[in-house]
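The structure appears below as structure tokens.
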Amino acid sequence: MNKLKNCPECGKLYLEVGQGMCPACYDIELEQEQVVHTYIRDHDKCSIKQIVEDTGVKEKVVLRMIKSGRVVSDNVAYPCENCGADIYLGRLCDKCNQELAKQVEKLAAEKKKIQNVDRSHTMYNAGREF
Ligand SMILES: [Zn+2]
Ligand SMILES: [Zn+2]
């Protein structure tokens, strides 16, 4: 269903047809995407910061392109969701991935410890009954 909305970019009232912004801003964004595409094609590895600085396209536009899959992100570094470090794959950098793995391991170890305590407790009770 189409409805009137305020454009998040320029604030003007427009008819929402699934673009998330008014036609004028959408046109601008399409042009900017073209610029970003060309930039990425010409640069093997680049970060979002570099793209923003060199093309003048807003960071949120570049991020939106990457997140929506309109940019092949293999060559473009984007921030780790946890610490903001440059990454090329997944959602977290190596450091945060390792940190996460460690935490999972710790949780698993703690769970095991609790189970062990449970078992010794049961054995103690059982021993008392005899
Ligand atoms: Zn607009
Ligand atoms: Zn990180």
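Letters for chains follow the order of the structure tokens (A, B, ...), residue numbers begin at 1 for each chain, and ligand numbers begin at 1 in the order shown.
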Can you pull out every residue within 10 Å of Cys83 of chain A, counting only C-alpha atoms, but drop anything in the same chain fewer than 5 positions away, and send it as a PDB file with C-alpha atoms, in the first residue's frame?
ATOM      1  CA  LEU A  92      32.936  -9.165  13.486  1.00  0.00           C
ATOM      2  CA  CYS A  93      36.701  -8.683  13.208  1.00  0.00           C
ATOM      3  CA  LYS A  95      39.786 -10.197  17.482  1.00  0.00           C
ATOM      4  CA  CYS A  96      36.094  -9.992  18.365  1.00  0.00           C
TER       5      CYS A  96
END
Inset, instruction - Could you tell me, counting only C-alpha atoms and all ligand atoms, which protein and nucleic acid residues lie no more than 12 Å from ligand 1, written as number ranges by chain? - result: A: 5-16, 19-29
Inset, instruction - Can you tell me which residues come within 9 Å of ligand 2 when counting only C-alpha atoms and all ligand atoms, ideally as a PyMOL selection string? - result: chain A and resi 79-87+91-97+99
Those selected residues, please, written with C-alpha atoms and delivered as a PDB file, in the first residue's frame.
ATOM      1  CA  PRO A  79      33.340  -1.597  10.534  1.00  0.00           C
ATOM      2  CA  CYS A  80      33.185  -4.562  12.931  1.00  0.00           C
ATOM      3  CA  GLU A  81      29.825  -4.501  14.704  1.00  0.00           C
ATOM      4  CA  ASN A  82      31.532  -4.728  18.072  1.00  0.00           C
ATOM      5  CA  CYS A  83      34.670  -2.559  17.979  1.00  0.00           C
ATOM      6  CA  GLY A  84      34.494  -0.707  14.652  1.00  0.00           C
ATOM      7  CA  ALA A  85      37.728  -2.163  13.230  1.00  0.00           C
ATOM      8  CA  ASP A  86      37.961  -2.542   9.435  1.00  0.00           C
ATOM      9  CA  ILE A  87      36.753  -5.957   8.266  1.00  0.00           C
ATOM     10  CA  ARG A  91      30.028  -9.144  11.054  1.00  0.00           C
ATOM     11  CA  LEU A  92      32.936  -9.165  13.486  1.00  0.00           C
ATOM     12  CA  CYS A  93      36.701  -8.683  13.208  1.00  0.00           C
ATOM     13  CA  ASP A  94      39.109 -11.552  14.010  1.00  0.00           C
ATOM     14  CA  LYS A  95      39.786 -10.197  17.482  1.00  0.00           C
ATOM     15  CA  CYS A  96      36.094  -9.992  18.365  1.00  0.00           C
ATOM     16  CA  ASN A  97      35.453 -13.400  16.820  1.00  0.00           C
ATOM     17  CA  GLU A  99      36.787 -13.027  22.037  1.00  0.00           C
TER      18      GLU A  99
END
Legend entry - Among the residues A:Leu4, A:Cys46, A:Tyr78, A:Leu89, the one that comes closest to Lys60 of chain A [using only C-alpha atoms]: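 Distance minimum relative to Lys60 of chain A lands on A:Tyr78.
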Inset, instruction - Would you mind telling me which residue in A:Gln98, A:Ile48, A:Gln103, A:Arg41 lies nearest to Met65 of chain A when using only C-alpha atoms? - result: A:Ile48
Legend entry - Tyr39 of chain A surroundings by only C-alpha atoms, 12 Å radius, close-in-sequence under 2 positions cut, as a list of chain:residue names: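 These residues fall inside the cut-off: A:Gln32, A:Glu33, A:Gln34, A:Val35, A:Val36, A:His37, A:Arg41, A:Asp42, A:His43, A:Asp44, A:Lys45, A:Cys46, A:Ser47, A:Ile48, A:Gln50, A:Ile51, A:Val52, A:Glu53, A:Asp54, A:Thr55, A:Gly56, A:Val57, A:Val62, A:Val71, A:Asn75, A:Val76.
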Inset, instruction - Can you check which residues of segment 32-125 of chain A DSSP gives as alpha helix (DSSP H) on the backbone and send them as a PyMOL selection string? - result: chain A and resi 32-42+48-55+59-67+94-125
